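Have a look at input37.cif below; it lists mmCIF, C-alpha atoms.
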```cif
data_data
#
loop_
_atom_site.label_atom_id
_atom_site.label_comp_id
_atom_site.auth_asym_id
_atom_site.auth_seq_id
_atom_site.Cartn_x
_atom_site.Cartn_y
_atom_site.Cartn_z
CA MET A 870 26.19 9.05 31.39
CA GLY A 871 26.44 5.27 31.47
CA GLU A 872 22.69 5.00 30.90
CA LYS A 873 21.48 2.23 28.66
CA LYS A 874 20.78 3.45 25.14
CA ARG A 875 17.04 3.20 24.61
CA ARG A 876 15.64 1.75 21.40
CA ALA A 877 12.31 2.47 19.75
CA LEU A 878 10.33 0.95 16.94
CA ALA A 879 8.57 3.57 14.84
CA LEU A 880 5.62 3.07 12.53
CA LEU A 881 6.55 4.73 9.25
CA SER A 882 3.98 5.33 6.53
CA GLY A 883 6.33 7.68 4.74
CA GLY A 884 4.04 10.66 5.24
CA LEU A 885 5.36 13.79 6.88
CA ASP A 886 3.99 13.10 10.37
CA SER A 887 5.58 9.71 10.83
CA SER A 888 8.87 11.04 9.43
CA LEU A 889 8.89 13.96 11.88
CA ALA A 890 8.02 11.69 14.80
CA ILE A 891 11.16 9.68 14.04
CA LYS A 892 13.26 12.81 13.67
CA LEU A 893 12.11 14.10 17.07
CA VAL A 894 13.11 10.95 18.94
CA GLN A 895 16.32 10.53 16.97
CA GLU A 896 17.26 14.00 18.16
CA GLN A 897 16.98 12.76 21.72
CA GLY A 898 19.54 10.05 21.11
CA ILE A 899 17.05 7.20 20.77
CA GLU A 900 18.01 4.44 18.38
CA VAL A 901 15.12 3.93 15.97
CA LYS A 902 14.10 1.15 13.62
CA ALA A 903 11.20 1.92 11.29
CA LEU A 904 8.42 -0.53 10.51
CA HIS A 905 6.31 -0.21 7.40
CA PHE A 906 3.35 -2.50 6.88
CA TYR A 907 2.26 -3.91 3.56
CA THR A 908 -1.51 -4.41 3.76
CA GLY A 909 -2.18 -5.31 0.14
CA PHE A 910 -3.88 -1.94 -0.46
CA CYS A 911 -0.89 0.08 -1.51
CA ILE A 912 -1.31 2.62 -4.28
CA THR A 913 2.36 2.56 -5.27
CA GLU A 914 2.24 -1.19 -5.71
CA PHE A 915 -0.90 -0.97 -7.79
CA LYS A 916 0.52 1.73 -10.06
CA ARG A 917 3.67 -0.24 -10.65
CA ARG A 918 1.77 -3.46 -11.28
CA THR A 919 -0.30 -1.81 -13.99
CA GLY A 920 2.75 -0.20 -15.55
CA GLN A 921 1.93 3.42 -14.63
CA THR A 922 4.85 5.79 -14.31
CA LYS A 923 5.44 9.40 -13.32
CA GLU A 924 5.44 12.02 -16.07
CA ASP A 925 9.17 11.62 -16.59
CA GLY A 926 8.73 7.86 -17.08
CA SER A 927 10.26 6.86 -13.75
CA PRO A 928 8.44 4.45 -11.42
CA TYR A 929 6.33 5.67 -8.49
CA VAL A 930 8.25 5.40 -5.25
CA ASN A 931 6.96 3.94 -2.02
CA PRO A 932 7.00 6.89 0.39
CA ALA A 933 8.30 4.82 3.30
CA VAL A 934 11.35 3.68 1.35
CA LYS A 935 12.07 7.27 0.39
CA ALA A 936 11.53 8.58 3.92
CA ALA A 937 13.74 5.92 5.51
CA ALA A 938 16.53 6.83 3.12
CA GLN A 939 16.24 10.50 4.09
CA LEU A 940 16.05 9.79 7.80
CA GLN A 941 18.87 7.24 7.61
CA VAL A 942 16.82 4.84 9.63
CA PRO A 943 16.77 1.05 9.17
CA LEU A 944 13.51 -0.02 7.57
CA GLU A 945 11.71 -3.28 8.06
CA ILE A 946 8.77 -3.92 5.76
CA VAL A 947 6.27 -6.33 7.23
CA ASP A 948 3.77 -8.14 5.03
CA ILE A 949 0.42 -8.40 6.83
CA SER A 950 -1.69 -8.72 3.69
CA ASP A 951 -2.92 -12.24 4.46
CA GLU A 952 -4.47 -11.37 7.79
CA TYR A 953 -5.50 -7.93 6.63
CA TYR A 954 -8.30 -9.27 4.46
CA ASN A 955 -10.38 -10.09 7.53
CA VAL A 956 -9.84 -6.61 8.93
CA VAL A 957 -11.14 -5.01 5.75
CA ILE A 958 -14.15 -7.31 5.41
CA ASN A 959 -15.19 -7.30 9.04
CA PRO A 960 -13.70 -4.47 11.08
CA LYS A 961 -14.65 -4.55 14.75
CA TYR A 962 -14.63 -0.76 14.96
CA GLY A 963 -16.17 -0.05 11.57
CA TYR A 964 -15.10 2.07 8.65
CA GLY A 965 -14.09 5.70 8.28
CA LYS A 966 -15.46 7.94 5.56
CA ASN A 967 -14.75 5.35 2.85
CA VAL A 968 -13.87 1.69 3.46
CA ASN A 969 -10.87 2.51 5.60
CA PRO A 970 -10.96 0.47 8.82
CA CYS A 971 -8.47 2.84 10.46
CA VAL A 972 -8.98 1.81 14.08
CA ASP A 973 -8.70 -1.93 13.45
CA CYS A 974 -5.80 -1.28 11.11
CA ARG A 975 -3.87 0.63 13.79
CA ILE A 976 -4.54 -2.10 16.33
CA MET A 977 -3.30 -4.77 13.97
CA MET A 978 -0.12 -2.91 13.08
CA LEU A 979 0.62 -2.10 16.72
CA ARG A 980 0.10 -5.71 17.79
CA LYS A 981 2.60 -6.73 15.15
CA ALA A 982 4.97 -4.01 16.36
CA LYS A 983 4.61 -5.25 19.94
CA GLU A 984 5.60 -8.76 18.86
CA ILE A 985 8.75 -7.42 17.21
CA MET A 986 9.45 -5.12 20.16
CA GLU A 987 9.38 -8.01 22.61
CA LYS A 988 11.28 -10.40 20.40
CA GLU A 989 14.07 -7.98 19.53
CA GLY A 990 14.37 -6.06 22.76
CA TYR A 991 13.02 -2.62 21.90
CA ASP A 992 11.78 -0.36 24.69
CA PHE A 993 8.80 1.45 23.20
CA ILE A 994 6.83 2.36 20.10
CA VAL A 995 6.73 5.68 18.26
CA THR A 996 3.95 6.84 15.92
CA GLY A 997 3.24 10.00 13.97
CA GLU A 998 -0.33 10.24 15.22
CA VAL A 999 -1.64 13.73 15.91
CA LEU A 1000 -4.47 14.30 18.35
CA TYR A 1001 -7.75 15.20 16.58
CA GLN A 1002 -6.15 15.10 13.14
CA ARG A 1003 -8.51 12.35 12.06
CA PRO A 1004 -11.97 12.20 13.53
CA MET A 1005 -12.20 8.44 13.55
CA SER A 1006 -8.99 7.16 14.98
CA GLN A 1007 -7.28 10.10 16.67
CA THR A 1008 -9.53 11.27 19.50
CA PRO A 1009 -8.12 10.78 23.03
CA GLU A 1010 -10.59 7.95 23.63
CA ARG A 1011 -9.67 6.20 20.40
CA LEU A 1012 -5.94 6.57 20.96
CA LYS A 1013 -6.39 5.02 24.37
CA LEU A 1014 -8.58 2.22 23.05
CA ILE A 1015 -6.08 1.41 20.29
CA GLU A 1016 -3.28 1.27 22.86
CA LYS A 1017 -5.24 -1.01 25.14
CA GLU A 1018 -6.33 -3.38 22.36
CA ALA A 1019 -2.75 -3.63 21.16
CA GLY A 1020 -1.53 -4.38 24.69
CA LEU A 1021 0.78 -1.37 24.65
CA GLU A 1022 -0.61 0.88 27.38
CA GLY A 1023 1.83 3.66 28.19
CA LEU A 1024 4.32 2.40 25.64
CA ILE A 1025 3.24 4.37 22.58
CA LEU A 1026 4.98 7.71 22.32
CA ARG A 1027 3.40 10.20 19.92
CA PRO A 1028 6.07 12.91 19.72
CA LEU A 1029 3.96 15.33 17.67
CA SER A 1030 1.18 15.46 20.28
CA ALA A 1031 2.98 14.28 23.42
CA LYS A 1032 2.42 17.49 25.37
CA VAL A 1033 -1.33 17.32 24.94
CA LEU A 1034 -1.52 13.64 25.88
CA PRO A 1035 -0.91 11.93 29.22
CA PRO A 1036 2.78 11.21 29.92
CA THR A 1037 3.91 7.82 28.66
CA ILE A 1038 6.40 5.42 30.26
CA PRO A 1039 9.32 6.67 28.10
CA GLU A 1040 8.62 10.20 29.39
CA LYS A 1041 8.08 9.22 33.01
CA GLU A 1042 11.22 7.12 33.04
CA GLY A 1043 13.21 9.96 31.49
CA TRP A 1044 14.19 8.01 28.38
CA VAL A 1045 12.92 10.99 26.43
CA ASP A 1046 12.58 14.60 27.51
CA ARG A 1047 8.89 15.50 27.37
CA SER A 1048 9.67 19.21 27.22
CA LYS A 1049 11.35 18.78 23.85
CA LEU A 1050 8.35 17.04 22.32
CA LEU A 1051 5.46 18.84 20.62
CA GLY A 1052 1.84 19.57 21.45
CA ILE A 1053 0.20 19.69 18.02
CA LYS A 1054 -3.49 18.97 17.68
CA GLY A 1055 -6.04 19.22 14.91
CA ARG A 1056 -6.05 19.04 11.17
CA SER A 1057 -3.85 22.01 10.33
CA ARG A 1058 -0.45 20.93 9.10
CA LYS A 1059 1.26 24.29 9.45
CA VAL A 1060 3.66 23.28 12.23
CA GLN A 1061 4.61 20.10 10.43
CA ILE A 1062 5.31 21.91 7.18
CA GLU A 1063 7.52 24.41 9.04
CA LEU A 1064 9.41 21.56 10.67
CA ALA A 1065 9.85 19.80 7.33
CA LYS A 1066 11.58 22.95 6.12
CA LYS A 1067 13.74 23.13 9.20
CA TYR A 1068 14.89 19.53 8.84
CA GLY A 1069 15.10 19.68 5.05
CA LEU A 1070 12.66 16.81 4.63
CA ASP A 1071 11.22 16.26 1.20
CA TYR A 1072 7.94 14.48 1.85
CA GLU A 1073 5.21 12.64 -0.01
CA GLN A 1074 1.47 13.32 -0.22
CA PRO A 1075 -0.71 13.85 2.88
CA ALA A 1076 -0.88 11.15 5.51
CA GLY A 1077 -2.76 8.01 4.57
CA GLY A 1078 -2.15 8.80 0.92
CA CYS A 1079 -0.71 5.42 0.03
CA CYS A 1080 -3.74 3.37 1.09
CA TYR A 1081 -6.48 3.04 -1.46
CA LEU A 1082 -9.11 2.05 1.09
CA THR A 1083 -9.46 5.80 1.63
CA ASP A 1084 -10.26 6.32 -2.05
CA GLU A 1085 -13.86 7.37 -2.75
CA THR A 1086 -14.33 5.42 -5.94
CA TYR A 1087 -12.85 2.32 -4.36
CA ALA A 1088 -15.29 2.69 -1.47
CA ALA A 1089 -18.25 3.26 -3.81
CA ARG A 1090 -17.46 -0.02 -5.60
CA PHE A 1091 -16.96 -1.91 -2.36
CA LYS A 1092 -20.30 -0.75 -0.95
CA GLU A 1093 -22.16 -1.31 -4.19
CA ALA A 1094 -20.81 -4.86 -4.56
CA TYR A 1095 -21.66 -5.69 -0.98
CA ALA A 1096 -25.23 -4.38 -1.46
CA VAL A 1097 -25.77 -6.24 -4.76
CA GLU A 1098 -23.78 -9.47 -4.26
CA GLY A 1099 -23.79 -9.75 -0.47
CA ILE A 1100 -20.20 -10.94 -0.43
CA ILE A 1101 -16.77 -9.50 -1.09
CA THR A 1102 -14.03 -11.84 -2.25
CA ARG A 1103 -10.28 -11.38 -2.26
CA ASP A 1104 -10.41 -10.91 -6.03
CA ASP A 1105 -12.99 -8.17 -5.55
CA LEU A 1106 -10.68 -6.29 -3.21
CA ILE A 1107 -8.06 -6.21 -5.94
CA LEU A 1108 -10.42 -5.54 -8.82
CA PHE A 1109 -12.18 -2.56 -7.20
CA ALA A 1110 -9.03 -0.59 -7.91
CA VAL A 1111 -8.82 -1.49 -11.61
CA GLY A 1112 -10.59 -0.19 -14.72
CA ARG A 1113 -14.13 1.04 -15.21
CA HIS A 1114 -16.83 -0.91 -13.39
CA LEU A 1115 -20.28 -1.33 -14.88
CA ARG A 1116 -23.24 -3.17 -13.36
CA LEU A 1117 -25.67 -4.55 -15.95
CA PRO A 1118 -29.39 -5.01 -15.15
CA SER A 1119 -29.08 -8.79 -14.52
CA GLY A 1120 -26.51 -8.09 -11.81
CA THR A 1121 -23.58 -9.02 -14.05
CA LYS A 1122 -20.49 -6.92 -13.40
CA LEU A 1123 -18.25 -5.76 -16.22
CA ILE A 1124 -14.72 -4.51 -15.51
CA VAL A 1125 -13.20 -2.71 -18.50
CA ALA A 1126 -9.48 -1.92 -18.76
CA ARG A 1127 -8.51 1.73 -19.30
CA ASN A 1128 -5.00 1.22 -20.64
CA GLN A 1129 -2.55 -1.43 -21.72
CA GLY A 1130 -1.30 -1.99 -18.17
CA GLU A 1131 -4.83 -2.75 -17.02
CA VAL A 1132 -5.44 -4.99 -20.07
CA ASN A 1133 -2.44 -7.09 -19.06
CA PHE A 1134 -3.49 -7.08 -15.43
CA LEU A 1135 -7.12 -8.13 -16.08
CA LYS A 1136 -6.01 -10.88 -18.46
CA GLY A 1137 -4.45 -12.52 -15.40
CA PHE A 1138 -8.00 -13.28 -14.20
CA LYS A 1139 -9.12 -14.94 -17.48
CA ASN A 1140 -9.33 -18.40 -15.98
CA ARG A 1141 -11.71 -17.37 -13.23
CA TYR A 1142 -14.20 -15.12 -15.04
CA GLY A 1143 -15.79 -14.58 -18.41
CA TYR A 1144 -14.16 -11.97 -20.62
CA ALA A 1145 -14.67 -9.86 -23.70
CA TYR A 1146 -12.20 -8.27 -26.10
CA ARG A 1147 -11.91 -6.73 -29.51
CA LYS A 1148 -11.20 -9.60 -31.88
CA ASP A 1149 -8.27 -7.99 -33.67
CA GLY A 1150 -6.59 -7.30 -30.34
CA LYS A 1151 -6.57 -3.53 -30.98
CA GLY A 1152 -8.58 -2.45 -28.02
CA THR A 1153 -9.64 -3.00 -24.51
CA PHE A 1154 -10.26 -6.12 -22.48
CA ALA A 1155 -13.05 -6.68 -19.95
CA LEU A 1156 -13.80 -9.24 -17.29
CA ILE A 1157 -17.38 -10.45 -16.95
CA LYS A 1158 -18.47 -11.47 -13.49
CA GLY A 1159 -21.90 -13.13 -13.52
CA ASN A 1160 -24.30 -14.46 -16.12
CA PRO A 1161 -25.30 -11.88 -18.70
CA THR A 1162 -28.61 -12.23 -20.52
CA GLN A 1163 -28.77 -12.49 -24.33
CA GLU A 1164 -29.41 -8.75 -24.65
CA GLU A 1165 -26.59 -8.00 -22.28
CA LEU A 1166 -24.16 -9.91 -24.47
CA GLN A 1167 -24.89 -7.37 -27.19
CA LEU A 1168 -24.50 -4.56 -24.67
CA ILE A 1169 -21.11 -5.97 -23.63
CA ALA A 1170 -20.02 -6.03 -27.27
CA ASP A 1171 -21.16 -2.42 -27.63
CA ILE A 1172 -19.26 -1.39 -24.53
CA ILE A 1173 -16.09 -3.05 -25.80
CA ALA A 1174 -16.53 -1.15 -29.09
CA ARG A 1175 -16.96 2.09 -27.16
CA TYR A 1176 -13.76 1.65 -25.19
CA SER A 1177 -11.74 0.38 -28.14
CA LYS A 1178 -11.23 3.39 -30.38
CA ARG A 1179 -14.97 4.19 -30.25
CA GLU A 1180 -15.77 2.43 -33.53
CA PRO A 1181 -17.82 -0.60 -34.59
CA ALA A 1182 -15.79 -3.74 -34.07
CA LYS A 1183 -15.89 -7.52 -33.95
CA VAL A 1184 -15.97 -8.54 -30.31
CA GLY A 1185 -15.22 -11.95 -28.81
CA ILE A 1186 -17.10 -12.87 -25.65
CA ASN A 1187 -16.04 -15.91 -23.67
CA ILE A 1188 -18.22 -17.28 -20.91
CA ASN A 1189 -17.49 -20.62 -19.23
CA GLY A 1190 -15.13 -21.49 -22.05
CA GLN A 1191 -17.77 -20.89 -24.75
CA GLU A 1192 -16.83 -18.17 -27.18
CA ILE A 1193 -19.25 -16.16 -29.27
CA GLU A 1194 -18.64 -13.34 -31.69
CA LEU A 1195 -20.75 -10.19 -32.02
CA ILE A 1196 -20.45 -6.88 -33.79
CA GLY A 1197 -20.34 -4.10 -31.24
CA THR A 1198 -21.47 -0.53 -31.95
CA PRO A 1199 -20.38 2.21 -29.54
CA PRO A 1200 -23.34 3.46 -27.52
CA ASP A 1201 -23.80 6.99 -26.31
CA ASP A 1202 -21.72 7.84 -23.23
CA GLN A 1203 -24.77 9.25 -21.53
CA PHE A 1204 -26.56 5.93 -21.97
CA LEU A 1205 -23.62 4.09 -20.38
CA GLU A 1206 -23.52 6.41 -17.40
CA GLN A 1207 -26.40 4.56 -15.67
CA PHE A 1208 -24.28 1.39 -15.40
CA LYS A 1209 -21.06 2.91 -14.12
CA ILE A 1210 -19.99 2.50 -10.51
CA TYR A 1211 -17.75 5.20 -9.10
CA ALA A 1212 -17.89 8.00 -6.55
CA LYS A 1213 -20.34 10.33 -8.26
CA LYS A 1214 -19.79 14.03 -7.72
CA GLU A 1215 -22.77 14.62 -5.44
CA VAL A 1216 -21.44 12.30 -2.73
CA LYS A 1217 -18.23 14.31 -2.48
CA HIS A 1218 -19.71 16.97 -0.18
CA GLY A 1219 -18.07 17.96 3.03
CA HIS A 1220 -14.56 17.24 1.85
CA MET B 279 35.13 -9.38 -10.19
CA ASP B 280 32.11 -9.47 -12.45
CA ILE B 281 28.83 -9.19 -10.62
CA LYS B 282 27.62 -12.34 -12.37
CA ASP B 283 30.39 -14.34 -10.71
CA ILE B 284 29.11 -13.68 -7.22
CA LYS B 285 28.00 -16.89 -5.58
CA ALA B 286 25.03 -16.11 -3.38
CA ASP B 287 24.30 -18.11 -0.23
CA VAL B 288 20.57 -17.54 -0.66
CA VAL B 289 18.67 -17.05 -3.92
CA HIS B 290 15.17 -15.65 -3.67
CA ASP B 291 12.81 -15.09 -6.58
CA VAL B 292 10.13 -12.42 -6.12
CA THR B 293 9.19 -11.93 -9.77
CA GLY B 294 5.56 -10.99 -10.24
CA THR B 295 5.46 -8.90 -7.07
CA PHE B 296 5.73 -5.13 -6.82
CA CYS B 297 6.97 -2.63 -4.29
CA PRO B 298 6.89 -2.93 -1.32
CA VAL B 299 6.57 -6.74 -1.50
CA PRO B 300 10.10 -7.38 -2.86
CA LEU B 301 11.54 -5.39 0.04
CA ALA B 302 9.30 -7.16 2.55
CA GLU B 303 10.60 -10.46 1.20
CA LEU B 304 14.17 -9.23 1.24
CA THR B 305 13.82 -8.08 4.86
CA ALA B 306 12.34 -11.40 5.97
CA LYS B 307 15.02 -13.47 4.22
CA MET B 308 17.89 -11.34 5.45
CA LYS B 309 16.71 -11.52 9.03
CA GLU B 310 17.24 -15.28 8.87
CA MET B 311 20.71 -15.05 7.30
CA GLU B 312 24.07 -14.99 9.05
CA ILE B 313 26.33 -11.95 8.92
CA GLY B 314 28.64 -12.22 5.93
CA GLN B 315 26.17 -14.14 3.78
CA VAL B 316 25.00 -12.87 0.40
CA ILE B 317 21.49 -12.96 -1.01
CA GLU B 318 20.57 -12.81 -4.68
CA LEU B 319 17.12 -11.28 -5.10
CA ILE B 320 15.48 -11.79 -8.48
CA ALA B 321 12.75 -9.25 -9.27
CA ASP B 322 10.97 -7.85 -12.29
CA ASP B 323 9.54 -4.66 -10.79
CA PRO B 324 11.61 -1.96 -12.55
CA GLY B 325 11.20 0.23 -9.48
CA SER B 326 13.39 -2.22 -7.58
CA ILE B 327 16.43 -0.71 -9.29
CA GLU B 328 16.02 2.30 -7.01
CA ASP B 329 14.33 0.62 -4.06
CA VAL B 330 16.89 -2.07 -3.29
CA PRO B 331 19.98 0.19 -3.09
CA ALA B 332 17.95 2.83 -1.15
CA TRP B 333 16.79 0.20 1.32
CA CYS B 334 20.34 -1.13 1.73
CA LYS B 335 21.62 2.36 2.40
CA SER B 336 19.06 3.23 5.08
CA THR B 337 19.28 -0.20 6.67
CA GLY B 338 23.06 -0.37 6.64
CA GLN B 339 23.44 -3.50 4.53
CA GLU B 340 25.94 -3.76 1.70
CA PHE B 341 24.63 -3.50 -1.83
CA LEU B 342 27.08 -5.41 -4.01
CA GLY B 343 25.50 -4.69 -7.38
CA MET B 344 23.00 -5.96 -9.90
CA PHE B 345 22.55 -7.10 -13.46
CA GLU B 346 19.58 -7.36 -15.81
CA GLU B 347 18.76 -10.37 -17.90
CA ASP B 348 15.58 -11.07 -19.89
CA GLY B 349 13.64 -8.36 -18.09
CA GLU B 350 14.62 -9.68 -14.68
CA TYR B 351 16.86 -7.87 -12.24
CA HIS B 352 19.32 -9.75 -10.08
CA PHE B 353 20.34 -7.88 -6.94
CA PHE B 354 23.19 -8.93 -4.66
CA VAL B 355 23.12 -7.84 -1.03
CA LYS B 356 25.55 -8.82 1.70
CA LYS B 357 24.37 -8.93 5.29
CA VAL B 358 26.91 -6.90 7.24
CA LYS B 359 24.94 -6.12 10.39
CA GLU B 360 22.26 -7.56 12.60
CA MET B 361 18.68 -6.58 11.81
CA LYS B 362 17.22 -6.79 15.31
#
```

Can I see the file as C-alpha cells?
Amino acid sequence: MGEKKRRALALLSGGLDSSLAIKLVQEQGIEVKALHFYTGFCITEFKRRTGQTKEDGSPYVNPAVKAAAQLQVPLEIVDISDEYYNVVINPKYGYGKNVNPCVDCRIMMLRKAKEIMEKEGYDFIVTGEVLYQRPMSQTPERLKLIEKEAGLEGLILRPLSAKVLPPTIPEKEGWVDRSKLLGIKGRSRKVQIELAKKYGLDYEQPAGGCCYLTDETYAARFKEAYAVEGIITRDDLILFAVGRHLRLPSGTKLIVARNQGEVNFLKGFKNRYGYAYRKDGKGTFALIKGNPTQEELQLIADIIARYSKREPAKVGININGQEIELIGTPPDDQFLEQFKIYAKKEVKHGH
Amino acid sequence: MDIKDIKADVVHDVTGTFCPVPLAELTAKMKEMEIGQVIELIADDPGSIEDVPAWCKSTGQEFLGMFEEDGEYHFFVKKVKEMK
C-alpha cells in the first residue's frame, strides 16, 4: 500500500475496556504504545506497601502491567503523582460519587499524552471510554469538554463507542476503518465480556478499580477531615487509606493499624505525629494527630488495648517527644463506634 | 557468565517504592539510555520479580536476569530498542 504506518498512544488502566480498545486498533494495523499513569492513589501499590498478598501468598499485580503483557504492547508508566495532588484537592470540575475527580483526572492524563504524542511523533490517542458508562465523565458533552481542555480535539479515538460518536480525524483520514469499530453505550458490559472471550483476554476488576479515590470509606474520611480540619495535607491523602480512623471529641484524630503491615507503615510517620503502642510490642500501633485532652489520653490507651488482643495492657503514648504510660482497658465496641470514620452502611444506597 | 558479573552502565535504586513506581522509574531511565546499554535496577518490592520481566517482554527490552541480596532485588535490563 505504501501508506505510512500510523501510530497511536493508548491510555491503559488495565481494565477490560482499555485493553479492548487497544486490541481493536491493533487489529487495524495501527502500531500502539500504551501509557499508564501513576497518580499516587493506586490500590496495588498500597497493598504491596503494607505487605498484603493474595490468598496464595503472591503479590497483587498491577492490572496495566498484566494487560500490556497479554496484549504484547509496549508500556510506558508515567509518574504524575506530584502534580496530581492539586487535582485531588481542588478539581476544577468537581468530584464524582466519592472523591474521584474523574474529569480533571482525564484532562491531566490526556495533556500528558499529548506532550508525548507530539514529542515522539504519534498520530492520535486511543482510550477505552464508553459513552454513558459513567455519568460524570462519559456524557457526549463531557467527552467533548475533556478533549477540548486537553487540546486534542478530533484526535481521541474511542474504539468501543466510535460509531455513536462524531467521526474523529483518524476515521476521516482513513487511518482506521470506522465500520470495524464498535458502538457500545451505557453501563452494561455484556459486549465487552463477549469480546474478552473472543480475544482470550483475562482481565482485572471493573474499570477504575485500581484507584482508591473511588473508595467509599476513603471518601468518607476525606470529607470528614475537610469538614473538621479545613485542610487536607499530602500525609492525609496517604493516611486515609490506612487503618481504622477515629475522631475524638477534642478533634484529635487517631489512626490505628489493623495488621503488621500497617504497623510498619504507620511507624514511618512517627517523627511527624504523636503515637501510641502497647508497651511490650505485642499489639497495634496508632498515630495521634492533634492534641488529646487528659481524658482522651486514657481513651487512647483503652483503644490500643482493644485493638491489641482485646486485653488490659500497658500502653505508651508519645506526644511531642514526651512519653507517658497508662494502663488501657478494652472498651465496648459499641461505645467506640461513635468515633469511627468510615462509609457507614446507610450512605451506600443507590449503588 | 554469572549475573553478578554484569557491569551495568546505569545503576538506579528504587528501594522503598512499590509497583508501579519501580517500573515508572525504569521507563524514565531507559528512555534516556543508548541502545546497547544495561541498567541495574535495585528494588525491594517483591512483586518486582514478576513485574520487571513482564514489562521487558511487552516492551521488547532484554531482561538479562536478577539476583537477590539482603532482601533487595537487582534486575539487569539491556536496552535493545528505541522507546519512542

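Distances to chain A were evaluated for B:Cys297, B:Ile284, B:Met279, B:Val289 using all atoms listed in the file, and the minimum falls at B:Cys297.
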
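Take atom CA of Tyr964 of chain A and atom CA of Ile1107 of chain A: the distance between them is 18.2 Å.
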
Hits of the PyMOL selection byres ((chain A) within 10 of (chain B)) in this structure, as a PyMOL selection string:
chain A and resi 902-903+905-909+911-920+922+927-950+985-986+988-991

Need to verify the contact set: Gly1190 of chain A, 9 Å, all atoms listed in the file, exclusion of same-chain residues closer than 2 positions in sequence. Can you return it as a list in words?
Asn1140, Gly1143, Asn1187, Ile1188 and Glu1192 of chain A

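The space between atom CA of Arg1090 of chain A and atom CA of Arg1175 of chain A spans 21.7 Å.
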
Name the residues that the PyMOL selection byres ((chain B and resi 342) around 9) pulls out of this structure, and write them as a ChimeraX atom specification.
/B:281,316,340-341,343-344,353-356

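Put simply, the PyMOL selection byres ((chain A and resi 1053) around 12) in this file takes in Asp886, Ala890, Gly997, Glu998, Val999, Leu1000, Tyr1001, Gln1002, Arg1027, Pro1028, Leu1029, Ser1030, Ala1031, Lys1032, Val1033, Leu1034, Leu1050, Leu1051, Gly1052, Lys1054, Gly1055, Arg1056, Ser1057, Arg1058, Lys1059, Val1060, Gln1061 and Leu1064 of chain A.
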
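Between atom CA of Tyr953 of chain A and atom CA of Lys1139 of chain A lies a distance of 25.4 Å.
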
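When the distance limit is 10 Å and only C-alpha atoms are what count, the residues near Lys983 of chain A, minus those fewer than 5 positions from it on the same chain, are Leu878, Met977, Met978, Lys988, Glu989, Tyr991, Asp992, Phe993, Ile994, Ala1019, Gly1020, Leu1021 and Leu1024 of chain A.
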
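Excluding Glu350 of chain B itself and same-chain residues fewer than 6 positions from it, the residues having an atom within 10 Å of it are Asp291, Thr293, Ile320, Ala321, Asp322, Asp323 and Pro324 of chain B, counting all atoms listed in the file.
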
Please produce an output containing C-alpha atoms for each residue in the selection, written as a JSON list (two decimals), in the frame of the given file.
```json
[["chain", "number", "residue", "atom", "x", "y", "z"],
["B", 291, "ASP", "CA", 12.81, -15.09, -6.58],
["B", 293, "THR", "CA", 9.19, -11.93, -9.77],
["B", 320, "ILE", "CA", 15.48, -11.79, -8.48],
["B", 321, "ALA", "CA", 12.75, -9.25, -9.27],
["B", 322, "ASP", "CA", 10.97, -7.85, -12.29],
["B", 323, "ASP", "CA", 9.54, -4.66, -10.79],
["B", 324, "PRO", "CA", 11.61, -1.96, -12.55]]
```

Name the residues in contact with Val288 of chain B at a cut-off of 10 Å, using all atoms listed in the file, excluding same-chain residues fewer than 5 positions from it; report them as a PyMOL selection string.
chain B and resi 307-308+311+315-319+354

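The residue that comes closest to Val1111 of chain A, out of A:Gly1130, A:Pro1200, A:Gly1099, A:Gly965 and on the basis of all atoms listed in the file, is A:Gly1130.
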
When distances are computed from all atoms listed in the file, which of B:Asp280, B:Asp287, B:Glu346, B:Glu312 shows the smallest separation from Val358 of chain B?
B:Glu312

Segment 972-976 of chain A: which residues within 7 Å, counting all atoms listed in the file, same-chain residues fewer than 2 positions away excluded, as a count of residues only?
12

Hey, could you pull the box centre and edge lengths for segment 1138-1147 of chain A, axis-aligned, 6 Å padding per side, all listed atoms, to one decimal in Å, as AutoDock Vina command-line options?
```
--center_x -11.9 --center_y -12.6 --center_z -21.4 --size_x 19.8 --size_y 23.7 --size_z 28.3
```

Output file request: segment 1013-1021 of chain A, with N, CA and C atoms, as a compact mmCIF listing (two decimals), in the first residue's frame.
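Saved file selection.txt follows:
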```txt
# COMPACT_ATOMS: atom_id res chain seq x y z
N LYS A 1013 -16.45 15.76 25.04
CA LYS A 1013 -16.03 16.87 24.19
C LYS A 1013 -15.22 17.90 24.98
N LEU A 1014 -15.73 18.19 26.18
CA LEU A 1014 -15.04 19.15 27.05
C LEU A 1014 -13.63 18.67 27.40
N ILE A 1015 -13.53 17.39 27.74
CA ILE A 1015 -12.24 16.80 28.12
C ILE A 1015 -11.26 16.93 26.94
N GLU A 1016 -11.76 16.62 25.76
CA GLU A 1016 -10.94 16.72 24.55
C GLU A 1016 -10.42 18.12 24.31
N LYS A 1017 -11.34 19.07 24.49
CA LYS A 1017 -11.00 20.47 24.24
C LYS A 1017 -9.97 20.97 25.26
N GLU A 1018 -10.22 20.66 26.53
CA GLU A 1018 -9.32 21.10 27.60
C GLU A 1018 -7.93 20.48 27.44
N ALA A 1019 -7.89 19.30 26.86
CA ALA A 1019 -6.59 18.63 26.69
C ALA A 1019 -5.91 19.08 25.39
N GLY A 1020 -6.63 19.85 24.59
CA GLY A 1020 -6.06 20.31 23.32
C GLY A 1020 -5.96 19.20 22.29
N LEU A 1021 -6.90 18.27 22.34
CA LEU A 1021 -6.82 17.10 21.45
C LEU A 1021 -8.10 16.92 20.63
```
